[in-house]
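Visitor: The structure that follows is given in the form of structure tokens.
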Number of protein chains: 2
Amino acid sequence: MSLCNKHETCVDDALMKADLICKDKGLRFTEIRRTILEMIWASHKPVKAYDLLDKLQKYMFSARPTTVYRSLDFLLENGLIHKLNSLNAYIGCTHPLKHHDCYFLICSNCGEIEEYCDSNISDTIKINLDKNDFIPKKTSLEIEGTCNNCLKN
Amino acid sequence: MSLCNKHETCVDDALMKADLICKDKGLRFTEIRRTILEMIWASHKPVKAYDLLDKLQKYMFSARPTTVYRSLDFLLENGLIHKLNSLNAYIGCTHPLKHHDCYFLICSNCGEIEEYCDSNISDTIKINLDKNDFIPKKTSLEIEGTCNNCLKN
DNA sequence: ATTAATTATGTAATAATATTGCATTGAATA
DNA sequence: TATTCAATGCAATATTATTACATAATTAAT
């Protein structure tokens, strides 16, 4: 499922983009925030808050739930990660520079997530909501199923 | 937002349909399950599990979290209610007889939910997933925004 | 009708997820 | 350098959900 061939590149890229964005917006990309983002990017699987906490506590004794949730809030607010509501888990955003509504394909076999930003879907939703006089602010679309990689194997 | 004019009818209707479905499928629509469904239908707003528990405990001393969650599981499995993942809350299904993927318009102003089953959206999603070789099993689409009723007022 | 099997409920404990409030520290800026 | 604002430390607690095992009720099999 994952389109990433060389995972190291992919993490580095995410951190670099985050640096850029924070610099640009005058945000403080502190060590904790950077570490949490890095941990989230360690895989293409959704990551749970308390798993992040466990990892963090390995070398940061003072880490508490708030430590993690505050960083998650910061990363969410600034479009660097997404929350998957159906899983209570978090995943890195692949295109934080151009942040817009994203959809998620969740493979229930391998656990990987594909971020899927399809303008056809966005447009269809938009058109139908217009008809219905509903002004959308935030869209969450999560589709659980079997990914192409798992289908092949 | 709510399309329901006379709410009593709407609750009765939901319970009647539930009766039918359970009879048809040979399921046991016990008093607890019926009560929970009725409580959920008491409004067109999403209902929280522990609010159901509080209500239930008013006249059922022995009610516990499991009491509620078991009924919720039953109702979810049999398509009588939906879970709104973005809110950790539950809402009745308006067409349990023909159960399929439903989408939700969540008004962040008045708190009401509109169940929105649009085949255009379903089709668009399906077509695009086909292109992507992804076999969907369960789709969750929740759109938060402002409803037409709140826009008018 | 009686027994066995299955399903539903009672009950306690605890796990998993997340937030609040207040004190302290550190960075930015006036 | 003093001030202000943002970030973190820390404890407590709120919210959401599950597990495990016992008992009761219903259904199915004999």
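Each chain in the structure tokens gets a letter, A, B and so on, in the order shown; residues start at 1 in every chain, and ligands are counted from 1 in the order they appear.
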Once DSSP has gone over the backbone, tell me which residues of range 65-143 of chain A are in helix (DSSP H, G or I), as a list in words.
Guide: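 Taking range 65-143 of chain A and keeping helix (DSSP H, G or I) gives Pro65, Thr66, Thr67, Val68, Tyr69, Arg70, Ser71, Leu72, Asp73, Phe74, Leu75, Leu76, Glu77, Pro96, Leu97, Lys98, Ser119, Asn120, Ile121, Ser122, Asp123, Thr124, Ile125, Lys126, Ile127, Asn128, Leu129, Asp130 and Lys131 of chain A.
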Visitor: So that each row is one residue of chain C with an atom at most 9 Å from chain B, can you give its shortest atom pair and the distance in Å to one decimal, using only C-alpha atoms (C1' of nucleotides), rows by chain and rising number, as JSON lines?
Guide:
```
{"residue": "C:DA8", "atom": "C1'", "partner": "B:Thr30", "partner_atom": "CA", "distance": 8.8}
{"residue": "C:DT9", "atom": "C1'", "partner": "B:Thr67", "partner_atom": "CA", "distance": 7.7}
{"residue": "C:DG10", "atom": "C1'", "partner": "B:Ser62", "partner_atom": "CA", "distance": 7.2}
{"residue": "C:DT11", "atom": "C1'", "partner": "B:Arg64", "partner_atom": "CA", "distance": 8.3}
```
Visitor: Per residue of chain B within 10 Å of chain A, record the nearest atom pair and its distance in Å to one decimal, counting only C-alpha atoms, with rows in chain order and ascending residue number, as a tab-separated table.
Guide:
```
residue	atom	partner	partner_atom	distance
B:Met1	CA	A:Phe134	CA	9.6
B:Lys83	CA	A:Ser86	CA	9.6
B:Leu84	CA	A:Ser86	CA	8.8
B:Asn85	CA	A:Ser86	CA	5.4
B:Ser86	CA	A:Asn85	CA	5.4
B:Leu87	CA	A:Asn85	CA	8.6
B:Asn88	CA	A:Asn85	CA	8.8
B:Tyr103	CA	A:Leu141	CA	9.3
B:Phe104	CA	A:Thr139	CA	9.9
B:Leu105	CA	A:Phe134	CA	7.9
B:Ile106	CA	A:Pro136	CA	9.0
B:Cys107	CA	A:Phe134	CA	8.6
B:Ser108	CA	A:Lys137	CA	9.1
B:Tyr116	CA	A:Leu129	CA	9.6
B:Asp118	CA	A:Asn128	CA	8.0
B:Asn120	CA	A:Thr124	CA	7.1
B:Ile121	CA	A:Thr124	CA	6.1
B:Ser122	CA	A:Ile121	CA	9.2
B:Asp123	CA	A:Ile121	CA	9.5
B:Thr124	CA	A:Ile121	CA	6.0
B:Ile125	CA	A:Ile121	CA	6.2
B:Lys126	CA	A:Ile121	CA	9.8
B:Ile127	CA	A:Ile121	CA	9.7
B:Asn128	CA	A:Asp118	CA	8.0
B:Leu129	CA	A:Leu105	CA	9.0
B:Asp130	CA	A:Asn148	CA	9.9
B:Asn132	CA	A:Asn148	CA	7.3
B:Asp133	CA	A:Asn148	CA	5.0
B:Phe134	CA	A:Cys147	CA	4.8
B:Ile135	CA	A:Thr146	CA	5.1
B:Pro136	CA	A:Gly145	CA	4.2
B:Lys137	CA	A:Gly145	CA	4.7
B:Lys138	CA	A:Glu144	CA	5.2
B:Thr139	CA	A:Ile143	CA	4.4
B:Ser140	CA	A:Glu142	CA	5.2
B:Leu141	CA	A:Leu141	CA	4.3
B:Glu142	CA	A:Ser140	CA	5.2
B:Ile143	CA	A:Thr139	CA	4.4
B:Glu144	CA	A:Lys138	CA	5.2
B:Gly145	CA	A:Pro136	CA	4.2
B:Thr146	CA	A:Ile135	CA	5.1
B:Cys147	CA	A:Phe134	CA	4.8
B:Asn148	CA	A:Asp133	CA	5.0
B:Asn149	CA	A:Asp133	CA	8.7
B:Cys150	CA	A:Phe134	CA	9.4
B:Leu151	CA	A:Asp133	CA	8.2
B:Lys152	CA	A:Asp133	CA	9.7
```
Visitor: Can you write just those residues out, C-alpha atoms, as a short mmCIF file (atom, residue, chain, number, x, y, z; two decimals), in the first residue's frame?
Guide:
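Once written, selection-v3.cif looks like this:
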```cif
data_model
loop_
_atom_site.label_atom_id
_atom_site.label_comp_id
_atom_site.auth_asym_id
_atom_site.auth_seq_id
_atom_site.Cartn_x
_atom_site.Cartn_y
_atom_site.Cartn_z
CA MET B 1 -32.44 20.91 10.31
CA LYS B 83 -21.85 5.64 15.72
CA LEU B 84 -20.47 9.09 15.00
CA ASN B 85 -16.75 8.57 15.40
CA SER B 86 -15.87 12.23 15.41
CA LEU B 87 -18.12 12.76 18.44
CA ASN B 88 -18.00 9.42 20.24
CA TYR B 103 -23.19 10.10 5.76
CA PHE B 104 -23.73 12.63 8.46
CA LEU B 105 -24.09 16.37 8.45
CA ILE B 106 -23.27 17.58 11.91
CA CYS B 107 -24.34 21.12 12.72
CA SER B 108 -21.82 22.63 15.09
CA TYR B 116 -27.50 12.01 4.50
CA ASP B 118 -26.43 10.28 -1.18
CA ASN B 120 -23.83 10.38 -5.93
CA ILE B 121 -21.30 10.46 -3.16
CA SER B 122 -21.33 6.69 -2.74
CA ASP B 123 -20.86 6.20 -6.48
CA THR B 124 -18.04 8.69 -6.73
CA ILE B 125 -16.25 7.07 -3.84
CA LYS B 126 -16.76 3.64 -5.32
CA ILE B 127 -15.48 4.61 -8.76
CA ASN B 128 -12.39 6.23 -7.35
CA LEU B 129 -11.60 3.34 -5.06
CA ASP B 130 -11.92 0.94 -7.98
CA ASN B 132 -7.15 2.58 -6.73
CA ASP B 133 -7.73 -1.17 -6.28
CA PHE B 134 -9.10 -0.76 -2.82
CA ILE B 135 -12.00 -2.91 -1.66
CA PRO B 136 -14.08 -0.94 0.82
CA LYS B 137 -15.86 -2.64 3.69
CA LYS B 138 -17.02 0.26 5.80
CA THR B 139 -17.21 3.94 5.04
CA SER B 140 -17.46 6.71 7.58
CA LEU B 141 -18.17 10.21 6.31
CA GLU B 142 -18.91 12.92 8.83
CA ILE B 143 -19.17 16.52 7.81
CA GLU B 144 -19.23 19.22 10.43
CA GLY B 145 -20.62 22.59 9.49
CA THR B 146 -23.69 24.79 9.64
CA CYS B 147 -27.12 23.43 8.76
CA ASN B 148 -29.73 25.15 6.60
CA ASN B 149 -31.98 25.88 9.53
CA CYS B 150 -29.24 27.69 11.42
CA LEU B 151 -28.30 29.59 8.27
CA LYS B 152 -31.84 30.90 7.94
#
```
Visitor: Mind pulling up the distance from CA of Asp12 in chain A to CA of Phe29 in chain A?
Guide: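 So the two atoms, CA of Phe29 in chain A and CA of Asp12 in chain A, lie 14.9 Å apart.
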Visitor: Using only C-alpha atoms (C1' of nucleotides), what does the table of chain D residues within 12 Å of chain B look like, with each row giving the shortest atom pair and its distance in Å to one decimal, sorted by chain and ascending number, as a tab-separated table?
Guide:
```
residue	atom	partner	partner_atom	distance
D:DA14	C1'	B:Tyr50	CA	11.8
D:DT15	C1'	B:Tyr50	CA	8.6
D:DT16	C1'	B:Asn88	CA	7.8
D:DA17	C1'	B:Tyr69	CA	8.0
D:DT18	C1'	B:Thr66	CA	8.4
D:DT19	C1'	B:Thr66	CA	10.3
D:DA25	C1'	B:Thr30	CA	11.2
D:DT26	C1'	B:Arg28	CA	9.5
D:DT27	C1'	B:Arg28	CA	11.0
```
Visitor: Grab the CA of Lys98 in chain A to CA of Arg33 in chain A distance for me, in Å with one decimal place.
Guide: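 Computing the Euclidean distance for CA of Lys98 in chain A and CA of Arg33 in chain A yields 20.3 Å.
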Visitor: I need the strand (DSSP E) residues of chain B per DSSP on the backbone, written as a PyMOL selection string.
Guide: chain B and resi 81-84+89-92+103-107+113-116+135-146
Visitor: Work out how far CA of Leu15 in chain B is from CA of Arg34 in chain B, in Å to one decimal.
Guide: 7.4 Å
